[in-house]
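Q: Got a structure here, written out as structure tokens. Questions coming.
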Amino acid sequence: MLASTYTWDISEYDTVMPWVIETSRIANKDMEITAVSCYPDPNQPISSQRLQLFVHLITFNLSLEQARASLDLFAKSVPRRDQTLAIHEFETTSLAKEFLHESAAFPERHRYSVDNMWIKSDLPTEKVVDAMREIFTTLPTVQSSAMYFNMAPEPAISDMALSLQTEHWLTVTCAWNQPEDDADCQDWLRGRFKNVNEVSSGLYIGDSDFQVRRAAFLATENMEKVETVRELWDPKGLFCSYLGSDKT
């Protein structure tokens, strides 16, 4: 496995994000392509630092030659390279190393609130960028983060439960230390997702709370199939359905 990471100040958001989205559409399918907004040092106050935008590219190609070619597509087209804060290209990585980085981003003994959405695939790139801007540029705490995950090309979804997916996935994690910050952080998250709800096709059920915000998590025809089975075998509604169902 090889990986490349590019870091900018958040002020480069409007330049970097269109590049991420457009290049992902022609990239090798055996890649994980993410853009993350977060503060560089979770142990320092917000007043002493600025948000940064990280683009992290991982290849799962079987050969080193294929892996380098996959990353080279991005390396040759990096926007505002002279404005990057850091560049790490074609570095050897592993799942174990990536998991360590992931776990460090979500510290223990914190308070968390999360939400996510699938953004409509048929939106033009500028609309996707516009929809995520406020979230990416206004994180409420130094421990919080926002991540964009590009899923292009969209795979054919089989007859399975988690059947809703689009090209664009946005997930946001608010983290903080003190109970007195609960309301502010939760209100920030709810407000930001309410503002962009119109561009959403639904959500991934794992990073959500239907007690806070309900949204589709199955393709329409799959949800209809679930409800048909429930009506056949549980006509009196003895067993609870998902809170995302209109018939809950």
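Chain labels A, B, ... are given in the sequence in which chains occur in the structure tokens; within each chain residues are numbered consecutively from 1, and ligands are likewise numbered from 1 in the order shown.
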Counting only C-alpha atoms, give me one row per residue of range 79-174 of chain A with an atom at most 10 Å from an atom of range 35-41 of chain A, showing the shortest contact pair and its distance in Å to one decimal, sorted by chain then residue number, as a Markdown table.
A:
| residue | atom | partner | partner_atom | distance |
| --- | --- | --- | --- | --- |
| A:Ala105 | CA | A:Cys38 | CA | 9.4 |
| A:Ile135 | CA | A:Ser37 | CA | 8.9 |
| A:Phe136 | CA | A:Ser37 | CA | 5.6 |
| A:Thr137 | CA | A:Ser37 | CA | 7.5 |
| A:Thr138 | CA | A:Ser37 | CA | 9.5 |
| A:Leu139 | CA | A:Cys38 | CA | 7.5 |
| A:Thr141 | CA | A:Tyr39 | CA | 8.5 |
| A:Val142 | CA | A:Tyr39 | CA | 5.5 |
| A:Gln143 | CA | A:Tyr39 | CA | 7.3 |
| A:Ser144 | CA | A:Cys38 | CA | 6.4 |
| A:Ser145 | CA | A:Cys38 | CA | 4.8 |
| A:Ala146 | CA | A:Ser37 | CA | 5.2 |
| A:Met147 | CA | A:Val36 | CA | 4.4 |
| A:Tyr148 | CA | A:Ala35 | CA | 5.1 |
| A:Phe149 | CA | A:Ala35 | CA | 6.7 |
| A:Asn150 | CA | A:Ala35 | CA | 8.7 |
| A:Leu170 | CA | A:Ala35 | CA | 9.6 |
| A:Thr171 | CA | A:Val36 | CA | 9.7 |
| A:Val172 | CA | A:Ser37 | CA | 9.5 |
Q: Produce a file of the selected residues containing C-alpha atoms, as a PDB file, in the first residue's frame.
A:
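Saved result, out_35.pdb, follows:
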ATOM      1  CA  ALA A 105      -8.198  11.353  15.703  1.00  0.00           C
ATOM      2  CA  ILE A 135     -19.248  22.688   7.959  1.00  0.00           C
ATOM      3  CA  PHE A 136     -15.625  22.389   6.834  1.00  0.00           C
ATOM      4  CA  THR A 137     -14.732  25.956   7.782  1.00  0.00           C
ATOM      5  CA  THR A 138     -16.513  26.450  11.134  1.00  0.00           C
ATOM      6  CA  LEU A 139     -15.775  23.406  13.304  1.00  0.00           C
ATOM      7  CA  THR A 141     -13.918  22.596  18.883  1.00  0.00           C
ATOM      8  CA  VAL A 142     -10.277  21.635  18.403  1.00  0.00           C
ATOM      9  CA  GLN A 143     -11.166  17.938  18.676  1.00  0.00           C
ATOM     10  CA  SER A 144     -13.861  18.057  15.976  1.00  0.00           C
ATOM     11  CA  SER A 145     -13.435  17.032  12.340  1.00  0.00           C
ATOM     12  CA  ALA A 146     -15.309  16.863   9.040  1.00  0.00           C
ATOM     13  CA  MET A 147     -14.536  14.298   6.356  1.00  0.00           C
ATOM     14  CA  TYR A 148     -15.537  14.057   2.702  1.00  0.00           C
ATOM     15  CA  PHE A 149     -15.278  10.608   1.145  1.00  0.00           C
ATOM     16  CA  ASN A 150     -15.543  10.226  -2.622  1.00  0.00           C
ATOM     17  CA  LEU A 170     -19.908  13.678   4.299  1.00  0.00           C
ATOM     18  CA  THR A 171     -19.425  12.724   7.937  1.00  0.00           C
ATOM     19  CA  VAL A 172     -18.860  15.081  10.862  1.00  0.00           C
TER      20      VAL A 172
END
Q: Leaving out His56 in chain A and any residue of its chain fewer than 4 positions from it, which residues lie within 12 Å of it when counting only C-alpha atoms, given as a tab-separated table (two decimals) with C-alpha atoms, in the first residue's frame?
A:
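Saved the output as part22.tsv:
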chain	number	residue	atom	x	y	z
A	2	LEU	CA	1.12	3.52	-0.82
A	3	ALA	CA	-0.31	6.84	0.35
A	4	SER	CA	0.01	10.55	-0.35
A	5	THR	CA	-1.12	13.38	1.89
A	6	TYR	CA	-1.44	17.08	1.05
A	7	THR	CA	-2.13	19.78	3.63
A	8	TRP	CA	-3.42	23.33	3.12
A	20	VAL	CA	-10.59	16.34	-5.13
A	24	SER	CA	-11.66	11.25	-8.03
A	31	MET	CA	-8.15	3.94	-3.98
A	32	GLU	CA	-9.54	5.54	-0.85
A	33	ILE	CA	-9.87	9.30	-1.37
A	34	THR	CA	-10.71	11.57	1.57
A	35	ALA	CA	-10.58	15.25	2.45
A	36	VAL	CA	-10.55	16.14	6.14
A	37	SER	CA	-10.95	19.45	7.95
A	71	LEU	CA	-1.13	8.51	-6.90
A	74	PHE	CA	-3.12	13.49	-8.22
A	75	ALA	CA	0.54	14.47	-7.82
A	86	ALA	CA	2.99	19.89	3.90
A	87	ILE	CA	3.33	17.26	1.18
A	88	HIS	CA	4.01	13.55	1.72
A	89	GLU	CA	3.92	11.60	-1.51
A	90	PHE	CA	4.24	7.91	-2.44
A	91	GLU	CA	4.82	6.76	1.14
A	93	THR	CA	1.64	2.47	4.54
A	98	GLU	CA	-3.89	3.80	8.97
A	101	HIS	CA	-3.89	7.38	12.68
A	102	GLU	CA	-7.66	6.95	12.72
A	147	MET	CA	-14.54	14.30	6.36
A	148	TYR	CA	-15.54	14.06	2.70
A	149	PHE	CA	-15.28	10.61	1.14
A	150	ASN	CA	-15.54	10.23	-2.62
Q: Taking into account only C-alpha atoms, which residue in the set A:Glu227, A:Glu134, A:Pro42, A:Phe217 is nearest to Ala175 in chain A?
A: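 Ranking A:Glu227, A:Glu134, A:Pro42, A:Phe217 by distance to Ala175 in chain A, first place goes to A:Pro42.
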Q: Would you give me, as a PyMOL selection string, the residues in range 22-236 of chain A that DSSP reads as alpha helix (DSSP H)?
A: chain A and resi 22-24+64-75+95-104+125-137+182-195+220-233
Q: Can you pull out the residues contacting Asp14 in chain A? Cut-off 9 Å, using only C-alpha atoms, and skip same-chain residues under 6 positions away; I want them as a PyMOL selection string.
A: chain A and resi 126+129-130+133
Q: For those residues, write C-alpha atoms to a file as an mmCIF file, in the first residue's frame.
A:
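File part_34.cif, as written:
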data_model
loop_
_atom_site.group_PDB
_atom_site.id
_atom_site.type_symbol
_atom_site.label_atom_id
_atom_site.label_comp_id
_atom_site.auth_asym_id
_atom_site.auth_seq_id
_atom_site.Cartn_x
_atom_site.Cartn_y
_atom_site.Cartn_z
ATOM 1 C CA GLU A 126 -19.710 23.569 -7.273
ATOM 2 C CA VAL A 129 -18.501 22.241 -2.569
ATOM 3 C CA ASP A 130 -20.970 24.965 -1.562
ATOM 4 C CA ARG A 133 -18.246 24.799 3.014
#
Q: Ranking A:Leu85, A:Phe106, A:Asn116, A:Asp122 by minimum distance to Val196 in chain A and counting only C-alpha atoms, which one comes first?
A: A:Asn116
